[in-house]
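J.: Below you'll find final-v3.cif; it's mmCIF, C-alpha atoms.
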```cif
data_final
loop_
_atom_site.group_PDB
_atom_site.id
_atom_site.type_symbol
_atom_site.label_atom_id
_atom_site.label_comp_id
_atom_site.auth_asym_id
_atom_site.auth_seq_id
_atom_site.Cartn_x
_atom_site.Cartn_y
_atom_site.Cartn_z
ATOM 1 C CA VAL A 1 -34.783 33.513 7.514
ATOM 2 C CA SER A 2 -34.442 34.860 4.003
ATOM 3 C CA LEU A 3 -33.682 32.632 1.036
ATOM 4 C CA ARG A 4 -30.758 34.908 0.181
ATOM 5 C CA PHE A 5 -29.213 34.273 3.613
ATOM 6 C CA ILE A 6 -29.642 30.488 3.267
ATOM 7 C CA MET A 7 -28.038 30.510 -0.194
ATOM 8 C CA SER A 8 -25.112 32.641 0.922
ATOM 9 C CA GLU A 9 -24.552 30.340 3.896
ATOM 10 C CA GLU A 10 -24.551 27.307 1.612
ATOM 11 C CA GLN A 11 -22.158 29.028 -0.768
ATOM 12 C CA GLN A 12 -19.841 29.854 2.121
ATOM 13 C CA LYS A 13 -19.821 26.211 3.277
ATOM 14 C CA ARG A 14 -19.101 25.065 -0.270
ATOM 15 C CA ARG A 15 -16.213 27.501 -0.592
ATOM 16 C CA GLN A 16 -14.798 26.329 2.748
ATOM 17 C CA THR A 17 -15.017 22.713 1.604
ATOM 18 C CA GLU A 18 -13.332 23.541 -1.705
ATOM 19 C CA SER A 19 -10.576 25.424 0.123
ATOM 20 C CA GLN A 20 -10.016 22.483 2.460
ATOM 21 C CA LEU A 21 -9.796 20.074 -0.479
ATOM 22 C CA GLU A 22 -7.345 22.352 -2.279
ATOM 23 C CA ALA A 23 -5.195 22.526 0.858
ATOM 24 C CA ILE A 24 -5.179 18.730 1.142
ATOM 25 C CA GLU A 25 -4.266 18.343 -2.528
ATOM 26 C CA GLN A 26 -1.471 20.880 -2.159
ATOM 27 C CA GLN A 27 -0.100 19.050 0.887
ATOM 28 C CA ILE A 28 -0.154 15.761 -1.047
ATOM 29 C CA ARG A 29 1.758 17.369 -3.935
ATOM 30 C CA GLU A 30 4.363 18.775 -1.558
ATOM 31 C CA THR A 31 4.907 15.575 0.448
ATOM 32 C CA GLN A 32 4.420 12.735 -2.061
ATOM 33 C CA ASP A 33 6.245 12.094 -5.328
ATOM 34 C CA LEU A 34 4.085 10.852 -8.172
ATOM 35 C CA THR A 35 6.159 7.668 -7.958
ATOM 36 C CA SER A 36 8.843 7.177 -5.314
ATOM 37 C CA ALA A 37 12.204 5.491 -5.494
ATOM 38 C CA LYS A 38 12.235 1.799 -4.628
ATOM 39 C CA ALA A 39 12.089 1.091 -0.903
ATOM 40 C CA ASN A 40 12.622 -1.976 1.230
ATOM 41 C CA ILE A 41 9.421 -3.882 1.984
ATOM 42 C CA ASP A 42 10.119 -3.457 5.687
ATOM 43 C CA GLU A 43 9.313 0.246 5.396
ATOM 44 C CA LEU A 44 5.669 -0.702 4.851
ATOM 45 C CA ARG A 45 5.502 -1.713 8.531
ATOM 46 C CA ARG A 46 5.766 1.889 9.657
ATOM 47 C CA GLY A 47 2.501 3.042 11.156
ATOM 48 C CA TYR A 48 1.104 -0.436 11.718
ATOM 49 C CA GLU A 49 0.625 -1.829 15.201
ATOM 50 C CA LYS A 50 3.012 -4.689 15.931
ATOM 51 C CA ASP A 51 1.451 -8.139 15.366
ATOM 52 C CA SER A 52 -1.647 -6.627 13.762
ATOM 53 C CA ASN A 53 -2.951 -8.292 10.591
ATOM 54 C CA PHE A 54 -1.367 -5.465 8.575
ATOM 55 C CA ASP A 55 1.986 -6.015 10.278
ATOM 56 C CA LYS A 56 1.807 -9.778 9.759
ATOM 57 C CA GLY A 57 0.894 -9.168 6.139
ATOM 58 C CA VAL A 58 4.041 -7.112 5.593
ATOM 59 C CA VAL A 59 6.107 -9.914 7.158
ATOM 60 C CA TYR A 60 4.565 -12.270 4.576
ATOM 61 C CA LEU A 61 5.369 -9.838 1.752
ATOM 62 C CA GLN A 62 9.008 -9.681 2.896
ATOM 63 C CA GLN A 63 9.326 -13.395 2.144
ATOM 64 C CA HIS A 64 8.218 -12.994 -1.465
ATOM 65 C CA TYR A 65 9.056 -9.440 -2.539
ATOM 66 C CA LYS A 66 12.313 -7.511 -2.328
ATOM 67 C CA SER A 67 11.028 -3.956 -2.646
ATOM 68 C CA ALA A 68 8.079 -1.663 -3.302
ATOM 69 C CA ARG A 69 7.568 1.663 -5.008
ATOM 70 C CA LYS A 70 5.020 4.038 -3.505
ATOM 71 C CA VAL A 71 2.613 5.951 -5.736
ATOM 72 C CA ARG A 72 0.946 9.253 -4.868
ATOM 73 C CA GLY A 73 -2.436 8.811 -3.216
ATOM 74 C CA ASP A 74 -4.445 11.226 -5.341
ATOM 75 C CA GLY A 75 -7.160 8.933 -6.673
ATOM 76 C CA ASN A 76 -5.091 8.081 -9.760
ATOM 77 C CA CYS A 77 -2.725 5.690 -8.005
ATOM 78 C CA TYR A 78 -3.725 2.506 -9.836
ATOM 79 C CA TYR A 79 -3.466 3.957 -13.333
ATOM 80 C CA ARG A 80 -0.222 5.726 -12.436
ATOM 81 C CA ALA A 81 1.228 2.547 -10.923
ATOM 82 C CA PHE A 82 0.160 0.597 -14.008
ATOM 83 C CA LEU A 83 1.815 3.116 -16.337
ATOM 84 C CA TYR A 84 5.090 3.160 -14.402
ATOM 85 C CA SER A 85 5.281 -0.624 -14.011
ATOM 86 C CA LEU A 86 4.413 -1.105 -17.677
ATOM 87 C CA CYS A 87 7.294 1.161 -18.726
ATOM 88 C CA GLU A 88 9.684 -0.614 -16.359
ATOM 89 C CA ASN A 89 8.830 -3.975 -17.869
ATOM 90 C CA LEU A 90 8.985 -2.688 -21.437
ATOM 91 C CA ASN A 91 12.440 -1.220 -20.783
ATOM 92 C CA THR A 92 13.840 -4.751 -20.665
ATOM 93 C CA ASN A 93 11.508 -6.556 -23.079
ATOM 94 C CA GLU A 94 11.926 -5.481 -26.691
ATOM 95 C CA THR A 95 9.296 -7.890 -28.019
ATOM 96 C CA GLU A 96 6.596 -6.621 -25.677
ATOM 97 C CA LEU A 97 7.686 -3.016 -26.230
ATOM 98 C CA LYS A 98 7.030 -3.398 -29.966
ATOM 99 C CA ARG A 99 3.682 -5.097 -29.325
ATOM 100 C CA ILE A 100 2.413 -2.538 -26.796
ATOM 101 C CA THR A 101 3.615 0.399 -28.895
ATOM 102 C CA ALA A 102 1.789 -0.949 -31.943
ATOM 103 C CA LEU A 103 -1.321 -1.576 -29.853
ATOM 104 C CA ILE A 104 -1.325 1.972 -28.452
ATOM 105 C CA LYS A 105 -0.792 3.445 -31.928
ATOM 106 C CA ALA A 106 -3.796 1.483 -33.206
ATOM 107 C CA SER A 107 -5.905 2.286 -30.149
ATOM 108 C CA MET A 108 -6.985 5.720 -31.371
ATOM 109 C CA GLU A 109 -9.030 4.183 -34.161
ATOM 110 C CA GLU A 110 -10.600 1.724 -31.705
ATOM 111 C CA VAL A 111 -11.619 4.303 -29.088
ATOM 112 C CA VAL A 112 -13.072 6.557 -31.799
ATOM 113 C CA LYS A 113 -15.240 3.618 -32.918
ATOM 114 C CA ILE A 114 -16.495 3.363 -29.329
ATOM 115 C CA GLY A 115 -17.658 6.976 -29.502
ATOM 116 C CA TYR A 116 -14.802 9.219 -28.332
ATOM 117 C CA GLU A 117 -13.855 12.337 -30.301
ATOM 118 C CA GLN A 118 -10.400 12.075 -31.872
ATOM 119 C CA PHE A 119 -9.585 15.782 -31.492
ATOM 120 C CA ALA A 120 -10.229 15.528 -27.728
ATOM 121 C CA LEU A 121 -7.847 12.585 -27.342
ATOM 122 C CA GLU A 122 -4.985 13.319 -29.737
ATOM 123 C CA MET A 123 -2.763 15.231 -27.298
ATOM 124 C CA PHE A 124 -2.982 12.474 -24.680
ATOM 125 C CA TRP A 125 -2.576 9.678 -27.221
ATOM 126 C CA GLU A 126 0.462 11.377 -28.773
ATOM 127 C CA GLU A 127 2.072 11.745 -25.335
ATOM 128 C CA MET A 128 1.589 8.028 -24.697
ATOM 129 C CA VAL A 129 3.003 7.062 -28.091
ATOM 130 C CA GLU A 130 6.021 9.364 -27.639
ATOM 131 C CA LEU A 131 6.740 7.896 -24.202
ATOM 132 C CA LEU A 132 6.726 4.342 -25.548
ATOM 133 C CA GLU A 133 8.805 5.234 -28.597
ATOM 134 C CA SER A 134 11.438 6.807 -26.318
ATOM 135 C CA LEU A 135 11.984 3.529 -24.443
ATOM 136 C CA PRO A 136 14.253 1.985 -23.319
ATOM 137 C CA LYS A 137 15.480 4.848 -21.152
ATOM 138 C CA ASP A 138 15.484 6.125 -17.586
ATOM 139 C CA PHE A 139 11.982 7.603 -17.461
ATOM 140 C CA HIS A 140 11.684 8.119 -13.686
ATOM 141 C CA ALA A 141 12.195 11.903 -13.803
ATOM 142 C CA GLN A 142 9.799 12.307 -16.727
ATOM 143 C CA LEU A 143 7.030 10.424 -14.930
ATOM 144 C CA ASN A 144 7.510 12.565 -11.828
ATOM 145 C CA GLU A 145 6.966 15.920 -13.533
ATOM 146 C CA GLU A 146 3.824 17.640 -12.292
ATOM 147 C CA ASN A 147 1.000 18.182 -14.799
ATOM 148 C CA ALA A 148 3.002 16.528 -17.550
ATOM 149 C CA THR A 149 3.586 13.097 -19.119
ATOM 150 C CA SER A 150 2.384 11.039 -16.159
ATOM 151 C CA ASP A 151 -0.955 12.847 -15.965
ATOM 152 C CA TYR A 152 -1.487 12.818 -19.743
ATOM 153 C CA CYS A 153 -0.746 9.098 -20.032
ATOM 154 C CA THR A 154 -2.660 8.261 -16.858
ATOM 155 C CA TRP A 155 -5.762 9.826 -18.366
ATOM 156 C CA TYR A 156 -5.245 7.905 -21.604
ATOM 157 C CA MET A 157 -5.106 4.723 -19.505
ATOM 158 C CA ARG A 158 -8.535 5.721 -18.211
ATOM 159 C CA VAL A 159 -9.817 6.121 -21.778
ATOM 160 C CA LEU A 160 -8.528 2.667 -22.739
ATOM 161 C CA THR A 161 -10.214 1.231 -19.638
ATOM 162 C CA ALA A 162 -13.534 2.880 -20.423
ATOM 163 C CA ALA A 163 -13.347 1.831 -24.084
ATOM 164 C CA GLN A 164 -12.758 -1.783 -23.062
ATOM 165 C CA LEU A 165 -15.756 -1.682 -20.713
ATOM 166 C CA LYS A 166 -17.948 -0.136 -23.410
ATOM 167 C CA SER A 167 -16.820 -2.723 -25.964
ATOM 168 C CA ASP A 168 -18.555 -5.504 -24.000
ATOM 169 C CA PRO A 169 -21.154 -3.855 -21.748
ATOM 170 C CA ASP A 170 -23.356 -6.928 -21.297
ATOM 171 C CA ARG A 171 -20.437 -8.801 -19.760
ATOM 172 C CA PHE A 172 -18.923 -6.040 -17.626
ATOM 173 C CA VAL A 173 -22.207 -4.685 -16.255
ATOM 174 C CA HIS A 174 -22.408 -7.678 -13.910
ATOM 175 C CA PHE A 175 -19.187 -6.537 -12.201
ATOM 176 C CA LEU A 176 -20.499 -3.082 -11.319
ATOM 177 C CA GLU A 177 -20.991 -2.212 -7.662
ATOM 178 C CA GLY A 178 -23.106 0.353 -5.876
ATOM 179 C CA ASP A 179 -25.921 2.138 -7.677
ATOM 180 C CA TYR A 180 -24.602 1.600 -11.204
ATOM 181 C CA PHE A 181 -26.638 -0.425 -13.684
ATOM 182 C CA ASP A 182 -25.161 0.610 -17.032
ATOM 183 C CA ILE A 183 -21.622 0.899 -18.337
ATOM 184 C CA PRO A 184 -21.789 4.389 -19.968
ATOM 185 C CA THR A 185 -22.902 6.064 -16.732
ATOM 186 C CA PHE A 186 -20.284 4.159 -14.742
ATOM 187 C CA CYS A 187 -17.512 5.221 -17.138
ATOM 188 C CA GLN A 188 -18.655 8.833 -17.163
ATOM 189 C CA ARG A 189 -18.634 9.074 -13.372
ATOM 190 C CA GLU A 190 -16.027 6.570 -12.156
ATOM 191 C CA VAL A 191 -13.516 5.885 -14.934
ATOM 192 C CA GLU A 192 -13.018 8.918 -17.168
ATOM 193 C CA PRO A 193 -12.610 11.671 -14.515
ATOM 194 C CA MET A 194 -9.141 12.084 -13.011
ATOM 195 C CA GLY A 195 -9.005 11.473 -9.271
ATOM 196 C CA LYS A 196 -11.557 8.632 -9.276
ATOM 197 C CA GLU A 197 -10.289 5.489 -7.580
ATOM 198 C CA CYS A 198 -9.970 2.208 -9.434
ATOM 199 C CA GLY A 199 -12.006 -0.900 -8.626
ATOM 200 C CA MET A 200 -11.648 -4.503 -9.722
ATOM 201 C CA VAL A 201 -13.685 -4.099 -12.924
ATOM 202 C CA GLN A 202 -11.386 -1.284 -14.098
ATOM 203 C CA VAL A 203 -8.313 -3.375 -13.240
ATOM 204 C CA LEU A 204 -9.687 -6.234 -15.348
ATOM 205 C CA ALA A 205 -10.640 -3.998 -18.267
ATOM 206 C CA LEU A 206 -7.252 -2.272 -18.508
ATOM 207 C CA ALA A 207 -5.372 -5.581 -18.269
ATOM 208 C CA GLU A 208 -7.505 -7.021 -21.073
ATOM 209 C CA SER A 209 -7.183 -3.867 -23.164
ATOM 210 C CA LEU A 210 -3.373 -4.130 -23.261
ATOM 211 C CA LYS A 211 -3.296 -7.932 -23.045
ATOM 212 C CA VAL A 212 -1.107 -8.094 -19.942
ATOM 213 C CA THR A 213 -1.404 -9.977 -16.667
ATOM 214 C CA VAL A 214 -1.951 -8.034 -13.439
ATOM 215 C CA GLU A 215 -1.355 -9.607 -10.043
ATOM 216 C CA ILE A 216 -2.487 -7.851 -6.857
ATOM 217 C CA GLU A 217 -1.611 -8.727 -3.278
ATOM 218 C CA TYR A 218 -4.297 -7.556 -0.840
ATOM 219 C CA LEU A 219 -2.997 -6.116 2.437
ATOM 220 C CA ASP A 220 -6.386 -5.090 3.785
ATOM 221 C CA GLY A 221 -6.255 -6.061 7.467
ATOM 222 C CA HIS A 222 -8.280 -9.228 7.144
ATOM 223 C CA ASP A 223 -7.280 -12.429 8.913
ATOM 224 C CA PHE A 224 -5.252 -14.659 6.638
ATOM 225 C CA GLY A 225 -3.700 -18.103 6.872
ATOM 226 C CA GLU A 226 -0.390 -18.857 5.230
ATOM 227 C CA LYS A 227 -0.599 -16.106 2.621
ATOM 228 C CA LEU A 228 -2.382 -12.898 1.668
ATOM 229 C CA THR A 229 -5.268 -12.889 -0.779
ATOM 230 C CA LYS A 230 -3.915 -12.540 -4.290
ATOM 231 C CA HIS A 231 -5.948 -11.978 -7.459
ATOM 232 C CA SER A 232 -4.853 -12.215 -11.066
ATOM 233 C CA PHE A 233 -6.458 -10.267 -13.941
ATOM 234 C CA GLY A 234 -6.031 -10.665 -17.691
ATOM 235 C CA GLU A 235 -3.562 -12.769 -19.630
ATOM 236 C CA GLY A 236 -0.456 -11.682 -21.459
ATOM 237 C CA GLY A 237 3.301 -11.799 -21.885
ATOM 238 C CA LEU A 238 3.961 -9.165 -19.222
ATOM 239 C CA THR A 239 3.057 -9.501 -15.544
ATOM 240 C CA LEU A 240 2.620 -6.323 -13.500
ATOM 241 C CA THR A 241 2.445 -6.769 -9.722
ATOM 242 C CA PHE A 242 0.811 -4.375 -7.276
ATOM 243 C CA LEU A 243 0.017 -4.073 -3.596
ATOM 244 C CA TYR A 244 -3.471 -3.048 -2.543
ATOM 245 C CA ARG A 245 -4.109 -1.387 0.786
ATOM 246 C CA PRO A 246 -7.544 0.098 1.491
ATOM 247 C CA GLY A 247 -8.114 2.749 -1.171
ATOM 248 C CA HIS A 248 -4.556 2.653 -2.521
ATOM 249 C CA TYR A 249 -2.158 0.808 -4.858
ATOM 250 C CA ASP A 250 1.647 0.630 -4.916
ATOM 251 C CA ILE A 251 4.099 -1.341 -7.081
ATOM 252 C CA LEU A 252 5.708 -4.590 -5.865
ATOM 253 C CA TYR A 253 8.979 -6.227 -7.000
ATOM 254 C CA LYS A 254 9.411 -9.964 -6.592
ATOM 255 C CA ASN A 255 12.494 -11.604 -5.120
#
```
What's the structure tokens form of this structure?

T.:
Amino acid sequence: VSLRFIMSEEQQKRRQTESQLEAIEQQIRETQDLTSAKANIDELRRGYEKDSNFDKGVVYLQQHYKSARKVRGDGNCYYRAFLYSLCENLNTNETELKRITALIKASMEEVVKIGYEQFALEMFWEEMVELLESLPKDFHAQLNEENATSDYCTWYMRVLTAAQLKSDPDRFVHFLEGDYFDIPTFCQREVEPMGKECGMVQVLALAESLKVTVEIEYLDGHDFGEKLTKHSFGEGGLTLTFLYRPGHYDILYKN
């Protein structure tokens, strides 16, 4: 078998894989909003077997939360959920709106100190600042435009997360999972690229970066007693609440 034949066969497989991924991404764009309208918690039961741990978990959630907002499952769901929930909370909290806006405005100088190039970030930073300065308003339509504000600000959330991790590498390195042993490599491969899912260390870093509290209910199919596992990250005046299901985050609204 010639080397040329082997290479062309490998190239063909790679093209097929890329085409399949593009088709999946296109289907996701056509069937899932970036962020949905609010829905009753009961809708989360769809697709779960009755009396399964997932089903029982939704019953528990119904007792404590009135609604949920689904976020597109494209690998950016946590950062997108964080952005949307942050804006919702800031819409009704003038004090925190001023604080977060000032923090984001000052963040450019901080991330440049960490090692990022200002010219590469300015467009994304400006989009984030403009969004915050436009609040309070109904921003739902704006954050559902494809390849626009939501994506720009979601990526800036990733930059803030990576900058926070790099600001204290000796502390955060102990939270890394898998084959990662240094923060710069982890950020380059798992935080900065769009489409990379968010783990607990990123959740912690972003919460600390903006000085907010994040609460996450874990609906992961495990046996549970009287309540689901719930973790809290960071400390701050705002509390953002999310639902975790394997590989995905949505927004929760308390009763």

J.: May I ask which of the residues A:Tyr156, A:Phe139, A:Phe119, A:Phe242 is the closest one to Tyr65 in chain A, counting only C-alpha atoms?

T.: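 Of A:Tyr156, A:Phe139, A:Phe119, A:Phe242, the one nearest Tyr65 in chain A is A:Phe242, counting only C-alpha atoms.
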
J.: Residues near Glu190 in chain A, anyone? I mean within 12 Å using all atoms listed in the file, not counting same-chain ones fewer than 2 positions away, as a CSV table (one decimal) with C-alpha atoms, in the coordinates of the input.

T.:
```
chain,number,residue,atom,x,y,z
A,75,GLY,CA,-7.2,8.9,-6.7
A,76,ASN,CA,-5.1,8.1,-9.8
A,158,ARG,CA,-8.5,5.7,-18.2
A,159,VAL,CA,-9.8,6.1,-21.8
A,161,THR,CA,-10.2,1.2,-19.6
A,162,ALA,CA,-13.5,2.9,-20.4
A,165,LEU,CA,-15.8,-1.7,-20.7
A,176,LEU,CA,-20.5,-3.1,-11.3
A,177,GLU,CA,-21.0,-2.2,-7.7
A,178,GLY,CA,-23.1,0.4,-5.9
A,179,ASP,CA,-25.9,2.1,-7.7
A,180,TYR,CA,-24.6,1.6,-11.2
A,182,ASP,CA,-25.2,0.6,-17.0
A,183,ILE,CA,-21.6,0.9,-18.3
A,184,PRO,CA,-21.8,4.4,-20.0
A,185,THR,CA,-22.9,6.1,-16.7
A,186,PHE,CA,-20.3,4.2,-14.7
A,187,CYS,CA,-17.5,5.2,-17.1
A,188,GLN,CA,-18.7,8.8,-17.2
A,192,GLU,CA,-13.0,8.9,-17.2
A,193,PRO,CA,-12.6,11.7,-14.5
A,194,MET,CA,-9.1,12.1,-13.0
A,195,GLY,CA,-9.0,11.5,-9.3
A,196,LYS,CA,-11.6,8.6,-9.3
A,197,GLU,CA,-10.3,5.5,-7.6
A,198,CYS,CA,-10.0,2.2,-9.4
A,199,GLY,CA,-12.0,-0.9,-8.6
A,201,VAL,CA,-13.7,-4.1,-12.9
A,202,GLN,CA,-11.4,-1.3,-14.1
```

J.: For a test of reading the model, state the distance in Å between CA of Leu132 in chain A and CA of Thr95 in chain A, rounded to one decimal.

T.: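 Result for CA of Leu132 in chain A versus CA of Thr95 in chain A: 12.7 Å, one decimal.
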
J.: To one decimal place, how far is CA of Glu126 in chain A from CA of Trp155 in chain A in Å?

T.: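 Result for CA of Glu126 in chain A versus CA of Trp155 in chain A: 12.2 Å, one decimal.
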
J.: One decimal, in Å: what's the spacing between CA of Phe181 in chain A and CA of Asp168 in chain A?

T.: 14.1 Å

J.: Going by the chain IDs and residue numbers used in this file, which residues fall under the PyMOL selection byres ((chain A and resi 130) around 12)? Write them as an MDAnalysis selection string.

T.: chainID A and resid 101:102 104:105 122:129 131:136 139 142 149 152:153

J.: Name the residues captured by the PyMOL selection byres ((chain A and resi 40-55) around 10) when it is applied to the shown file; answer as a PyMOL selection string.

T.: chain A and resi 38-39+56-70+219-224+245+252-253

J.: Around (2.7, 2.2, -8.6), as given in the file, which residues come within 8 Å? Count only C-alpha atoms and list them as a list in words.

T.: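 Residues satisfying the cut-off, written out: Thr35, Arg69, Lys70, Val71, Cys77, Tyr78, Tyr79, Arg80, Ala81, Phe82, Leu83, Tyr84, Ser85, Phe242, Tyr249, Asp250, Ile251 and Leu252 of chain A.
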
J.: From the options A:Arg99, A:Pro246, A:Tyr218, A:Asp151, which residue's atoms come nearest to Lys230 in chain A, counting all atoms listed in the file?

T.: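 Selected residue with least distance to Lys230 in chain A: A:Tyr218.
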
J.: Show me, as a PyMOL selection string, the residues that have an atom within 8 Å of Asn144 in chain A when counting all atoms listed in the file, minus same-chain residues fewer than 3 positions from it.

T.: chain A and resi 33-35+140-141+150

J.: Convert the output of the PyMOL selection byres ((chain A and resi 239) around 8) on the shown file into explicit residues, formatted as a VMD selection string.

T.: chain A and resid 212 to 215 236 to 238 240 to 241

J.: For Glu109 in chain A, which of A:Ala163, A:Glu96, A:Val191, A:Glu88 is the closest residue, counting only C-alpha atoms?

T.: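 Distance minimum relative to Glu109 in chain A lands on A:Ala163.
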